[in-house]
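Enquirer: My structure is stored as data.txt, with compact mmCIF, C-alpha atoms.
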# COMPACT_ATOMS: atom_id res chain seq x y z
CA MET S 1 0.00 0.00 0.00
CA THR S 2 2.74 2.42 0.90
CA GLN S 3 5.10 3.11 -1.90
CA GLU S 4 8.04 5.18 -0.82
CA LYS S 5 10.76 6.42 -3.03
CA ASP S 6 14.21 7.63 -2.10
CA ASP S 7 13.13 11.20 -2.04
CA GLY S 8 14.20 12.41 1.37
CA ILE S 9 10.83 11.89 2.98
CA ASP S 10 11.12 11.20 6.65
CA ARG S 11 10.43 7.49 6.83
CA ARG S 12 9.80 7.64 10.52
CA GLY S 13 7.03 10.11 9.97
CA ALA S 14 5.28 7.80 7.55
CA LEU S 15 5.72 4.81 9.81
CA GLU S 16 4.34 6.66 12.78
CA CYS S 17 1.30 7.36 10.73
CA MET S 18 0.87 3.70 9.92
CA ILE S 19 1.24 2.30 13.40
CA TRP S 20 -0.01 5.13 15.49
CA ALA S 21 -2.89 4.29 17.79
CA GLY S 22 -3.67 7.48 19.68
CA THR S 23 -6.32 10.04 18.99
CA GLY S 24 -4.55 12.43 16.68
CA VAL S 25 -1.95 12.78 13.99
CA LEU S 26 0.03 15.92 13.53
CA TRP S 27 1.10 16.52 9.98
CA THR S 28 4.08 18.72 9.38
CA LEU S 29 4.43 20.11 5.92
CA VAL S 30 8.14 20.76 5.65
CA GLY S 31 8.75 22.58 2.42
CA GLY S 32 5.53 21.07 1.25
CA VAL S 33 6.32 17.51 2.23
CA PRO S 34 4.07 16.30 5.01
CA ARG S 35 5.37 14.36 7.98
CA SER S 36 3.22 12.96 10.70
CA SER S 37 3.59 12.42 14.38
CA SER S 38 1.13 11.49 17.05
CA LEU S 39 -0.40 14.31 19.02
CA LEU S 40 1.38 12.89 22.02
CA GLY S 41 4.69 13.73 20.42
CA ILE S 42 3.58 17.08 19.20
CA SER S 43 6.57 19.14 20.29
CA GLU S 44 8.81 18.10 17.42
CA ALA S 45 6.18 19.01 14.92
CA ASN S 46 5.62 22.30 16.67
CA ALA S 47 9.30 23.03 16.47
CA GLN S 48 9.22 22.29 12.77
CA ALA S 49 6.29 24.61 12.42
CA ALA S 50 8.08 27.41 14.19
CA SER S 51 8.61 29.43 11.08
CA GLY S 52 5.55 28.26 9.17
CA PHE S 53 1.97 27.54 10.14
CA SER S 54 -0.18 24.57 10.94
CA PHE S 55 -3.74 23.68 10.08
CA LEU S 56 -6.12 20.96 11.13
CA GLN S 57 -8.21 18.37 9.40
CA ILE S 58 -11.23 16.70 10.90
CA SER S 59 -13.55 14.36 9.05
CA ASP S 60 -16.64 12.21 9.13
CA SER S 61 -18.30 13.57 12.24
CA HIS S 62 -21.60 11.90 11.18
CA ILE S 63 -23.77 13.91 13.54
CA GLY S 64 -27.13 12.13 13.68
CA PHE S 65 -25.65 8.62 13.63
CA LYS S 66 -27.28 6.49 16.34
CA ALA S 67 -26.20 2.90 15.76
CA PRO S 68 -24.15 0.87 18.28
CA ALA S 69 -20.81 1.73 16.63
CA ASN S 70 -21.19 5.11 18.36
CA PRO S 71 -24.58 6.23 19.68
CA ASN S 72 -23.20 9.66 20.59
CA PRO S 73 -21.07 11.17 17.83
CA VAL S 74 -21.65 14.68 19.23
CA ALA S 75 -19.68 13.69 22.34
CA THR S 76 -16.72 12.35 20.36
CA LEU S 77 -16.74 15.42 18.07
CA ASP S 78 -16.71 17.57 21.21
CA GLU S 79 -13.71 15.63 22.46
CA ALA S 80 -11.90 16.07 19.16
CA ILE S 81 -12.55 19.81 19.28
CA GLY S 82 -11.35 19.83 22.88
CA LYS S 83 -8.04 18.32 21.75
CA ILE S 84 -7.73 20.95 19.06
CA SER S 85 -8.43 23.77 21.53
CA ALA S 86 -5.75 22.38 23.82
CA LEU S 87 -3.00 22.45 21.18
CA PRO S 88 -0.12 24.57 22.43
CA GLN S 89 0.15 26.32 19.10
CA LYS S 90 -3.00 27.68 17.54
CA PRO S 91 -3.56 26.32 14.03
CA ALA S 92 -4.28 28.83 11.28
CA PHE S 93 -7.55 27.18 10.27
CA MET S 94 -9.37 23.87 9.99
CA LEU S 95 -10.55 21.66 7.14
CA HIS S 96 -13.55 19.38 7.45
CA THR S 97 -13.43 16.71 4.75
CA GLY S 98 -17.10 15.84 4.78
CA ASP S 99 -19.83 13.74 6.28
CA ILE S 100 -20.42 16.48 8.78
CA THR S 101 -23.86 14.96 9.30
CA HIS S 102 -25.35 11.53 8.87
CA LEU S 103 -28.60 12.46 7.11
CA SER S 104 -28.25 16.15 6.08
CA LYS S 105 -30.92 17.20 8.59
CA PRO S 106 -30.90 20.86 9.70
CA GLU S 107 -30.59 19.91 13.37
CA GLU S 108 -27.63 17.66 12.57
CA PHE S 109 -25.83 20.53 10.83
CA ASP S 110 -26.76 22.76 13.80
CA ASN S 111 -25.32 20.33 16.33
CA ALA S 112 -22.13 19.89 14.31
CA ASP S 113 -21.70 23.66 13.97
CA GLN S 114 -22.23 24.18 17.69
CA ALA S 115 -19.41 21.75 18.47
CA ILE S 116 -17.03 22.91 15.73
CA VAL S 117 -17.38 26.62 16.56
CA LYS S 118 -15.79 25.92 19.94
CA ALA S 119 -12.45 25.36 18.19
CA LYS S 120 -12.55 29.09 17.36
CA LEU S 121 -10.96 28.32 13.99
CA ASP S 122 -11.89 29.46 10.55
CA THR S 123 -13.22 26.22 8.99
CA PHE S 124 -13.35 25.20 5.33
CA TYR S 125 -15.63 22.39 4.25
CA VAL S 126 -16.18 19.97 1.43
CA PRO S 127 -19.32 17.80 1.51
CA GLY S 128 -19.47 14.08 2.03
CA GLU S 129 -22.25 12.02 0.44
CA HIS S 130 -24.14 12.19 3.74
CA ASP S 131 -24.24 16.00 3.56
CA ILE S 132 -26.17 16.24 0.31
CA ILE S 133 -29.11 13.90 0.91
CA ASP S 134 -31.56 16.66 1.80
CA GLU S 135 -34.51 17.10 -0.53
CA GLY S 136 -32.58 19.67 -2.55
CA GLN S 137 -29.66 17.22 -2.95
CA GLY S 138 -27.02 19.49 -1.49
CA LYS S 139 -28.90 22.78 -1.40
CA ALA S 140 -28.91 22.88 2.40
CA TYR S 141 -25.16 22.28 2.53
CA LEU S 142 -24.44 25.06 0.03
CA GLU S 143 -26.73 27.51 1.79
CA ARG S 144 -24.96 26.88 5.07
CA TYR S 145 -21.31 26.62 4.02
CA GLY S 146 -21.30 28.30 0.63
CA LYS S 147 -21.56 31.93 1.69
CA ARG S 148 -18.08 31.94 3.14
CA THR S 149 -16.11 30.53 0.21
CA GLN S 150 -18.39 31.35 -2.74
CA PRO S 151 -17.91 27.84 -4.11
CA LYS S 152 -18.65 26.72 -7.62
CA GLY S 153 -20.92 23.88 -8.69
CA THR S 154 -21.67 21.50 -5.83
CA GLY S 155 -19.20 23.22 -3.50
CA TRP S 156 -15.67 23.21 -4.89
CA HIS S 157 -13.45 26.16 -4.05
CA SER S 158 -9.84 27.22 -3.47
CA PHE S 159 -7.89 29.62 -1.30
CA ASP S 160 -4.32 30.53 -0.46
CA HIS S 161 -2.62 30.60 2.89
CA GLY S 162 1.03 31.26 3.66
CA GLY S 163 2.12 30.53 0.11
CA VAL S 164 0.25 27.22 -0.04
CA HIS S 165 -2.65 26.77 -2.46
CA PHE S 166 -5.59 24.83 -1.02
CA VAL S 167 -8.26 23.29 -3.25
CA GLY S 168 -11.46 21.79 -1.87
CA LEU S 169 -12.96 19.30 -4.35
CA VAL S 170 -16.36 17.61 -4.38
CA ASN S 171 -16.40 13.96 -5.48
CA VAL S 172 -19.68 12.84 -3.91
CA ALA S 173 -22.26 14.44 -6.22
CA ASN S 174 -23.94 13.03 -9.32
CA LEU S 175 -22.44 9.59 -8.84
CA LYS S 176 -23.01 7.13 -11.64
CA ALA S 177 -24.34 3.60 -11.17
CA GLY S 178 -21.57 1.06 -10.84
CA GLY S 179 -18.89 3.68 -10.25
CA MET S 180 -17.02 5.23 -7.34
CA GLY S 181 -16.62 8.92 -6.45
CA THR S 182 -16.59 11.37 -9.31
CA LEU S 183 -15.40 14.94 -9.94
CA GLY S 184 -16.99 15.52 -13.33
CA ASP S 185 -15.90 17.53 -16.37
CA GLU S 186 -17.11 20.90 -15.09
CA GLN S 187 -15.06 20.65 -11.91
CA LEU S 188 -11.99 19.34 -13.73
CA ALA S 189 -12.16 22.28 -16.15
CA TRP S 190 -12.43 24.64 -13.19
CA LEU S 191 -9.45 22.97 -11.51
CA ALA S 192 -7.33 23.35 -14.64
CA ASP S 193 -8.22 27.03 -14.71
CA ASP S 194 -7.67 27.46 -10.98
CA LEU S 195 -4.14 26.07 -11.15
CA LYS S 196 -3.22 28.01 -14.27
CA GLY S 197 -0.50 30.56 -13.60
CA LYS S 198 0.52 28.99 -10.28
CA SER S 199 4.24 28.44 -10.04
CA ALA S 200 5.37 24.81 -9.91
CA SER S 201 7.04 25.53 -6.57
CA THR S 202 3.72 26.41 -4.93
CA PRO S 203 2.82 23.65 -2.47
CA ILE S 204 -0.63 22.32 -3.34
CA VAL S 205 -3.08 20.78 -0.89
CA LEU S 206 -6.10 19.05 -2.41
CA PHE S 207 -8.84 18.04 -0.02
CA ALA S 208 -11.96 16.03 -0.83
CA HIS S 209 -14.19 13.55 0.92
CA ILE S 210 -13.64 10.28 -0.98
CA PRO S 211 -10.00 9.27 -1.49
CA LEU S 212 -8.49 10.49 -4.74
CA TRP S 213 -6.67 7.20 -5.12
CA THR S 214 -8.31 3.79 -5.27
CA VAL S 215 -8.19 2.26 -1.82
CA SER S 216 -10.80 -0.37 -2.67
CA ALA S 217 -12.71 -0.49 -5.93
CA ASP S 218 -15.09 -3.14 -4.57
CA TRP S 219 -16.15 -0.83 -1.79
CA GLY S 220 -16.22 2.25 -3.99
CA TRP S 221 -13.31 3.80 -2.09
CA GLY S 222 -11.82 5.81 -4.90
CA THR S 223 -12.64 8.45 -7.49
CA GLU S 224 -13.36 7.51 -11.09
CA ASP S 225 -11.69 10.52 -12.67
CA SER S 226 -9.04 11.26 -10.04
CA ALA S 227 -6.27 10.52 -12.55
CA GLN S 228 -7.34 13.61 -14.50
CA ALA S 229 -7.16 15.79 -11.38
CA LEU S 230 -3.76 14.35 -10.46
CA GLY S 231 -2.59 14.98 -14.01
CA LEU S 232 -3.34 18.65 -13.48
CA VAL S 233 -1.12 18.84 -10.38
CA LYS S 234 1.70 16.76 -11.85
CA ARG S 235 3.90 19.76 -12.56
CA PHE S 236 3.90 20.90 -8.93
CA GLY S 237 6.80 20.03 -6.68
CA SER S 238 4.68 19.27 -3.65
CA VAL S 239 1.17 17.93 -3.60
CA THR S 240 -0.69 16.77 -0.52
CA VAL S 241 -4.05 15.05 -0.90
CA LEU S 242 -6.22 14.90 2.22
CA ASN S 243 -9.35 12.76 2.30
CA GLY S 244 -11.81 11.17 4.72
CA HIS S 245 -14.69 8.78 3.97
CA ILE S 246 -13.00 5.51 4.92
CA HIS S 247 -12.78 6.22 8.67
CA GLN S 248 -9.23 4.95 9.05
CA LEU S 249 -5.69 6.11 8.43
CA MET S 250 -4.12 5.28 5.11
CA GLN S 251 -1.18 6.83 3.42
CA LYS S 252 0.51 6.47 0.11
CA VAL S 253 3.43 8.40 -1.30
CA GLU S 254 3.76 8.49 -5.05
CA GLY S 255 6.53 10.69 -6.34
CA THR S 256 5.83 14.18 -5.04
CA VAL S 257 2.24 13.36 -4.13
CA THR S 258 1.34 12.29 -0.63
CA PHE S 259 -2.12 10.82 -0.17
CA HIS S 260 -3.54 10.65 3.30
CA THR S 261 -6.91 9.76 4.76
CA ALA S 262 -8.00 10.96 8.18
CA ARG S 263 -9.80 9.12 10.90
CA SER S 264 -13.43 9.83 11.61
CA THR S 265 -14.47 11.56 14.81
CA ALA S 266 -17.52 9.24 14.96
CA PHE S 267 -16.87 5.55 14.25
CA PRO S 268 -14.32 3.33 12.50
CA GLN S 269 -14.84 1.30 9.36
CA PRO S 270 -13.16 -2.02 8.54
CA ALA S 271 -9.95 -2.28 6.57
CA PRO S 272 -10.69 -3.13 2.93
CA GLY S 273 -11.58 -6.75 2.42
CA THR S 274 -11.73 -7.60 6.12
CA ALA S 275 -15.53 -7.47 6.38
CA LYS S 276 -18.61 -8.23 4.30
CA SER S 277 -19.25 -4.55 3.72
CA PRO S 278 -17.73 -1.17 4.53
CA GLY S 279 -20.43 -0.48 7.14
CA PRO S 280 -19.67 0.94 10.61
CA LEU S 281 -17.35 -1.20 12.71
CA LYS S 282 -18.41 -1.81 16.29
CA VAL S 283 -15.38 -1.97 18.56
CA PRO S 284 -15.43 -2.47 22.34
CA ASP S 285 -16.47 0.78 24.03
CA ASP S 286 -13.06 1.27 25.63
CA GLN S 287 -11.42 0.95 22.21
CA LEU S 288 -13.57 3.47 20.33
CA ARG S 289 -11.47 6.52 21.14
CA HIS S 290 -8.38 4.74 19.95
CA VAL S 291 -9.75 4.53 16.44
CA LEU S 292 -11.10 8.05 16.08
CA GLY S 293 -8.98 11.12 15.66
CA ILE S 294 -8.00 14.42 14.15
CA THR S 295 -5.22 15.41 11.79
CA SER S 296 -2.98 18.42 11.96
CA VAL S 297 -0.74 19.72 9.23
CA ALA S 298 2.12 22.12 9.85
CA VAL S 299 3.78 23.97 7.03
CA LYS S 300 7.32 25.26 7.04
CA GLN S 301 8.73 26.70 3.91
CA GLY S 302 11.99 26.32 2.27
CA THR S 303 14.62 25.40 4.83
CA GLN S 304 14.88 21.64 4.48
CA PRO S 305 16.22 19.60 1.58
CA LEU S 306 13.02 18.60 -0.14
CA ALA S 307 11.96 15.46 -1.80
CA ILE S 308 10.58 17.57 -4.55
CA THR S 309 12.58 17.19 -7.65
CA ASP S 310 11.76 17.29 -11.34
CA SER S 311 12.67 13.66 -11.75
CA GLU S 312 10.14 12.78 -9.14
CA LEU S 313 7.53 14.69 -11.03
CA ALA S 314 8.32 12.83 -14.17
CA LYS S 315 7.96 9.52 -12.37
CA THR S 316 4.46 10.24 -11.15
CA MET N 1 -82.41 -39.94 -11.06
CA SER N 2 -80.58 -39.02 -14.23
CA LEU N 3 -82.45 -35.72 -14.37
CA PHE N 4 -81.45 -35.00 -10.84
CA HIS N 5 -77.84 -35.87 -11.54
CA ASP N 6 -77.81 -33.85 -14.74
CA GLY N 7 -79.12 -30.90 -12.80
CA LEU N 8 -76.52 -31.39 -10.13
CA ARG N 9 -73.80 -31.68 -12.70
CA ALA N 10 -74.99 -28.50 -14.41
CA PHE N 11 -75.05 -26.73 -11.06
CA ALA N 12 -71.54 -27.90 -10.24
CA ALA N 13 -70.26 -26.89 -13.64
CA GLY N 14 -71.88 -23.49 -13.25
CA THR N 15 -70.32 -23.02 -9.84
CA ALA N 16 -66.93 -24.02 -11.18
CA ALA N 17 -67.32 -21.61 -14.07
CA ALA N 18 -68.29 -18.86 -11.67
CA CYS N 19 -65.26 -19.64 -9.56
CA VAL N 20 -62.99 -19.43 -12.59
CA LEU N 21 -64.65 -16.20 -13.61
CA TYR N 22 -64.32 -14.82 -10.09
CA SER N 23 -60.66 -15.59 -9.82
CA ALA N 24 -60.08 -14.16 -13.28
CA ILE N 25 -61.55 -10.89 -12.09
CA ALA N 26 -60.05 -11.01 -8.61
CA ALA N 27 -56.45 -11.82 -9.50
CA PRO N 28 -55.43 -8.48 -10.99
CA MET N 29 -57.21 -6.64 -8.20
CA ALA N 30 -55.31 -8.34 -5.37
CA PRO N 31 -52.54 -5.90 -4.40
CA ALA N 32 -49.30 -7.76 -5.14
CA GLU N 33 -46.40 -6.69 -2.97
CA THR N 34 -42.81 -7.85 -2.97
CA HIS N 35 -40.35 -7.02 -0.24
CA LEU N 36 -36.62 -6.49 -0.69
CA SER N 37 -34.04 -5.72 1.93
CA ILE N 38 -30.88 -3.66 1.79
CA ASP N 39 -28.30 -5.53 3.78
CA ASN N 40 -24.53 -5.14 3.97
CA PHE N 41 -24.51 -2.73 1.03
CA VAL N 42 -26.43 -5.19 -1.18
CA PHE N 43 -29.98 -5.13 -2.54
CA LYS N 44 -31.40 -8.53 -1.58
CA PRO N 45 -32.24 -10.05 -3.92
CA ASP N 46 -30.58 -7.80 -6.46
CA ALA N 47 -32.70 -9.07 -9.36
CA ILE N 48 -36.41 -9.88 -9.25
CA THR N 49 -39.21 -10.50 -11.74
CA VAL N 50 -42.74 -9.30 -10.93
CA ARG N 51 -46.08 -8.89 -12.73
CA ALA N 52 -47.15 -5.42 -13.80
CA GLY N 53 -49.02 -3.74 -10.99
CA THR N 54 -46.77 -5.14 -8.27
CA THR N 55 -45.58 -2.84 -5.53
CA VAL N 56 -41.96 -3.40 -4.58
CA VAL N 57 -40.95 -2.39 -1.05
CA TRP N 58 -37.32 -1.86 -0.10
CA GLU N 59 -36.31 -1.79 3.56
CA ASN N 60 -32.90 -0.61 4.69
CA ASP N 61 -31.44 -3.01 7.25
CA ASP N 62 -28.01 -1.33 7.32
CA ASP N 63 -26.64 1.16 9.84
CA ILE N 64 -25.84 3.47 6.93
CA PRO N 65 -28.41 5.28 4.79
CA HIS N 66 -29.01 4.17 1.23
CA THR N 67 -31.17 5.32 -1.66
CA VAL N 68 -33.09 3.52 -4.38
CA VAL N 69 -32.73 5.42 -7.65
CA ALA N 70 -33.85 4.28 -11.11
CA LEU N 71 -31.33 4.84 -13.87
CA ASP N 72 -34.05 6.12 -16.17
CA GLY N 73 -35.51 8.43 -13.54
CA ALA N 74 -38.70 6.39 -13.09
CA PHE N 75 -38.32 6.50 -9.30
CA ARG N 76 -36.03 7.99 -6.69
CA SER N 77 -36.27 7.46 -2.95
CA GLN N 78 -35.22 9.88 -0.26
CA ALA N 79 -32.25 8.75 1.82
CA LEU N 80 -33.44 5.71 3.77
CA ASP N 81 -32.12 5.55 7.31
CA THR N 82 -32.02 2.24 9.19
CA GLU N 83 -35.41 0.48 8.92
CA ASP N 84 -36.83 3.13 6.60
CA LYS N 85 -38.86 1.83 3.66
CA PHE N 86 -39.45 2.94 0.10
CA SER N 87 -42.06 1.52 -2.23
CA PHE N 88 -42.84 1.87 -5.89
CA THR N 89 -45.63 0.30 -7.94
CA PHE N 90 -44.51 -0.97 -11.30
CA ALA N 91 -47.49 -0.33 -13.59
CA GLN N 92 -45.66 -0.86 -16.86
CA ALA N 93 -43.84 -3.91 -18.15
CA GLY N 94 -40.15 -3.50 -18.76
CA THR N 95 -36.72 -3.80 -17.20
CA PHE N 96 -35.83 -1.27 -14.53
CA GLU N 97 -32.24 -0.85 -13.41
CA TYR N 98 -31.62 1.00 -10.18
CA PHE N 99 -28.76 1.82 -7.81
CA CYS N 100 -27.89 3.54 -4.56
CA SER N 101 -26.85 7.09 -5.37
CA LEU N 102 -24.70 7.20 -2.20
CA HIS N 103 -22.92 3.91 -2.87
CA PRO N 104 -23.16 3.53 -6.63
CA ARG N 105 -21.54 0.10 -6.60
CA MET N 106 -24.88 -1.13 -5.24
CA LYS N 107 -27.09 -2.05 -8.19
CA GLY N 108 -30.35 -3.88 -8.68
CA GLN N 109 -32.88 -4.81 -11.34
CA VAL N 110 -36.63 -5.27 -11.47
CA VAL N 111 -38.06 -7.08 -14.48
CA VAL N 112 -41.78 -6.38 -14.89
CA THR N 113 -43.81 -8.80 -17.01
CA PRO N 114 -47.26 -7.87 -18.45
Would you mind giving the structure from this file in structure tokens?

Expert:
Amino acid sequence: MTQEKDDGIDRRGALECMIWAGTGVLWTLVGGVPRSSSLLGISEANAQAASGFSFLQISDSHIGFKAPANPNPVATLDEAIGKISALPQKPAFMLHTGDITHLSKPEEFDNADQAIVKAKLDTFYVPGEHDIIDEGQGKAYLERYGKRTQPKGTGWHSFDHGGVHFVGLVNVANLKAGGMGTLGDEQLAWLADDLKGKSASTPIVLFAHIPLWTVSADWGWGTEDSAQALGLVKRFGSVTVLNGHIHQLMQKVEGTVTFHTARSTAFPQPAPGTAKSPGPLKVPDDQLRHVLGITSVAVKQGTQPLAITDSELAKT
Amino acid sequence: MSLFHDGLRAFAAGTAAACVLYSAIAAPMAPAETHLSIDNFVFKPDAITVRAGTTVVWENDDDIPHTVVALDGAFRSQALDTEDKFSFTFAQAGTFEYFCSLHPRMKGQVVVTP
């Protein structure tokens, strides 16, 4: 699953991500290359972030979920936000990579917002498939979260922070029978236009709900046209792809592109192929908090030898 | 004796004919209903054949919401939470393909005969 190349990426960071069993992962984007460490060992990452900035990612809060895998996802979201508030260094902002709610009900969005606002962080969203199942098929989501970012289409948008270009993509709308996630031609055309004129040395962060690489085709854990989106970011020296949806940590490094999925704040899902279906995984109550979490990304520009080289780009 | 038996026979035949006639009228009127479940991200069964006029009822037995959406737009359910049901009456003969718009790998088919 993990494909590492000799590109200077901190191997320990990647391994920590794979074996880590706490409640948070801190991602450090050193010169655009992310490293991870558990929240328990946050000081190193903070030190790396000293001259840059950090941001957070939460995902799959599923407010409204009631089944045994976690009958109280508001409580676990509250705990996640509590962890974020307690970070010694205040992150610049937060990303939520979708499935804010379970059923797109107004009260579910309200409850999620009431918990998330306590982080006191500017928060950028992309929808999960559970956020667009209102009668208007995503209208409620756009009305609530669209004002802030003036998104296009079903909610895609971009912004810049500290020299890094962030792109929120939507791959949960207008899905086609038999397929996986999809971006669609309109969004891909917008992405091409959005990236036009950006220097190849600009670190790019793509965030979307469903993974932009195929984790499991059988379970629909991938995006049909992700190759086209990745083709558009091929020329950039540093690309970080942050996703949710699969409620477990997974990472893959391919050339200059690092793919990473975040844990849910609500309930875990089985590893691909280990269960009959990707439905919620019930773990013993005292284990639940070990399989939920948050993700933090710290960015520091320019001072470390980077894995980003032209040859790497060509290999992608 | 023979007259009596002939009469009886005629009566029996008439009754039988009436019964046949009655069932011929009654059969299409009886509301046919077929139940499907959605279980472990699968429509169960994923292919069925019914007579025109049959109402098909889907019930979601998963902990995750699903939808039932016809490819040709003939029907589209709201998101079905656990134990929610959706029904559609197939008036016309034909083959109807459907899927879950949240988990598009989930597909099903209803064949409707005249």

Enquirer: Report as a ChimeraX atom specification all protein, DNA and RNA residues lying within 8 Å of stretch 136-147 of chain S, evaluated on only C-alpha atoms, omitting residues in the same chain fewer than 4 positions from it.

Expert: /S:104,106,125,127,131-132,151,154-155

Enquirer: Can you build me a table of chain S residues sitting at most 9 Å from chain N, with the closest atom pair per residue and its distance in Å to one decimal, using all atoms listed in the file, sorted by chain and residue number, as a Markdown table?

Expert:
| residue | atom | partner | partner_atom | distance |
| --- | --- | --- | --- | --- |
| S:Phe65 | CA | N:Asp63 | CA | 8.4 |
| S:Lys66 | CA | N:Asp63 | CA | 8.4 |
| S:Ala67 | CA | N:Asp63 | CA | 6.2 |
| S:Pro68 | CA | N:Asp63 | CA | 8.8 |
| S:Ala69 | CA | N:Asp63 | CA | 9.0 |
| S:His102 | CA | N:Pro65 | CA | 8.1 |
| S:Leu103 | CA | N:Ala79 | CA | 7.4 |
| S:Glu129 | CA | N:Leu102 | CA | 6.0 |
| S:His130 | CA | N:Leu102 | CA | 7.8 |
| S:Ile133 | CA | N:Ala79 | CA | 6.1 |
| S:Asp134 | CA | N:Ala79 | CA | 7.9 |
| S:Glu135 | CA | N:Gln78 | CA | 7.3 |
| S:Val172 | CA | N:Leu102 | CA | 7.7 |
| S:Ala173 | CA | N:Leu102 | CA | 8.6 |
| S:Asn174 | CA | N:Ser101 | CA | 7.7 |
| S:Leu175 | CA | N:Ser101 | CA | 6.1 |
| S:Lys176 | CA | N:Pro104 | CA | 6.2 |
| S:Ala177 | CA | N:Pro104 | CA | 4.7 |
| S:Gly178 | CA | N:Arg105 | CA | 4.3 |
| S:Gly179 | CA | N:Pro104 | CA | 5.6 |
| S:Met180 | CA | N:Pro104 | CA | 6.4 |
| S:Gly181 | CA | N:Pro104 | CA | 8.5 |
| S:Ala217 | CA | N:Arg105 | CA | 8.9 |
| S:Asp218 | CA | N:Arg105 | CA | 7.5 |
| S:Trp219 | CA | N:Arg105 | CA | 7.3 |
| S:Gly220 | CA | N:Arg105 | CA | 6.3 |
| S:Lys276 | CA | N:Asn40 | CA | 6.7 |
| S:Ser277 | CA | N:Asn40 | CA | 5.3 |
| S:Pro278 | CA | N:Phe41 | CA | 7.8 |
| S:Gly279 | CA | N:Ile64 | CA | 6.7 |
| S:Pro280 | CA | N:Asp63 | CA | 7.0 |

Enquirer: Can you work out the spacing between atom CA of S:Ser216 and atom CA of S:Leu281 in Å, to one decimal?

Expert: 16.7 Å

Enquirer: How many Å separate atom CA of S:Phe207 from atom CA of S:Val170?

Expert: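 It comes out at 8.7 Å.
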
Enquirer: Which residues come within 8 Å of S:Ala112, counting all atoms listed in the file, excluding same-chain residues fewer than 4 positions away, as a PyMOL selection string?

Expert: chain S and resi 61+63+74+77+100-101+108+116

Enquirer: Would you compute the distance between atom CA of S:His165 and atom CA of S:Asp194? Give it in Å to one decimal.

Expert: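 For atom CA of S:His165 relative to atom CA of S:Asp194, the distance reads 9.9 Å.
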
Enquirer: So which residues touch S:Thr258 within 7 Å, counting all atoms listed in the file, skipping near sequence neighbours fewer than 2 positions away, as number ranges by chain?

Expert: S: 239-241, 252-254, 256, 260

Enquirer: Mind checking which residues fall within 6 Å of N:Ser37, counting only C-alpha atoms, ignoring those fewer than 4 positions away in the same chain, and posting them as a PDB file with C-alpha atoms, in the frame of the given file?

Expert:
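The resulting out.pdb:
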ATOM      1  CA  LYS N  44     -31.400  -8.530  -1.580  1.00  0.00           C
ATOM      2  CA  TRP N  58     -37.320  -1.860  -0.100  1.00  0.00           C
ATOM      3  CA  GLU N  59     -36.310  -1.790   3.560  1.00  0.00           C
ATOM      4  CA  ASN N  60     -32.900  -0.610   4.690  1.00  0.00           C
TER       5      ASN N  60
END

Enquirer: Point out the residue among S:His157, S:Phe267, S:Ala227, S:Ala115 with the least atom-to-atom distance to S:Asp285, counting only C-alpha atoms.

Expert: S:Phe267

Enquirer: Will you model N, CA, C and O atoms for stretch 176-183 of chain S and pass it back as an mmCIF file, keeping the file's coordinate frame?

Expert:
data_model
loop_
_atom_site.group_PDB
_atom_site.id
_atom_site.type_symbol
_atom_site.label_atom_id
_atom_site.label_comp_id
_atom_site.auth_asym_id
_atom_site.auth_seq_id
_atom_site.Cartn_x
_atom_site.Cartn_y
_atom_site.Cartn_z
ATOM 1 N N LYS S 176 -22.408 7.963 -10.598
ATOM 2 C CA LYS S 176 -23.010 7.130 -11.640
ATOM 3 C C LYS S 176 -23.053 5.666 -11.188
ATOM 4 O O LYS S 176 -22.112 5.184 -10.552
ATOM 5 N N ALA S 177 -24.141 4.998 -11.567
ATOM 6 C CA ALA S 177 -24.340 3.600 -11.170
ATOM 7 C C ALA S 177 -23.131 2.753 -11.544
ATOM 8 O O ALA S 177 -22.623 2.835 -12.658
ATOM 9 N N GLY S 178 -22.682 1.969 -10.583
ATOM 10 C CA GLY S 178 -21.570 1.060 -10.840
ATOM 11 C C GLY S 178 -20.206 1.671 -10.573
ATOM 12 O O GLY S 178 -19.210 0.966 -10.540
ATOM 13 N N GLY S 179 -20.183 3.002 -10.388
ATOM 14 C CA GLY S 179 -18.890 3.680 -10.250
ATOM 15 C C GLY S 179 -18.513 3.963 -8.814
ATOM 16 O O GLY S 179 -19.106 3.444 -7.869
ATOM 17 N N MET S 180 -17.479 4.817 -8.664
ATOM 18 C CA MET S 180 -17.020 5.230 -7.340
ATOM 19 C C MET S 180 -17.317 6.737 -7.222
ATOM 20 O O MET S 180 -18.289 7.203 -7.770
ATOM 21 N N GLY S 181 -16.466 7.459 -6.511
ATOM 22 C CA GLY S 181 -16.620 8.920 -6.450
ATOM 23 C C GLY S 181 -16.373 9.518 -7.820
ATOM 24 O O GLY S 181 -15.778 8.877 -8.694
ATOM 25 N N THR S 182 -16.828 10.751 -8.020
ATOM 26 C CA THR S 182 -16.590 11.370 -9.310
ATOM 27 C C THR S 182 -16.463 12.893 -9.161
ATOM 28 O O THR S 182 -17.128 13.493 -8.317
ATOM 29 N N LEU S 183 -15.588 13.482 -9.953
ATOM 30 C CA LEU S 183 -15.400 14.940 -9.940
ATOM 31 C C LEU S 183 -16.229 15.586 -11.037
ATOM 32 O O LEU S 183 -16.874 16.610 -10.812
#
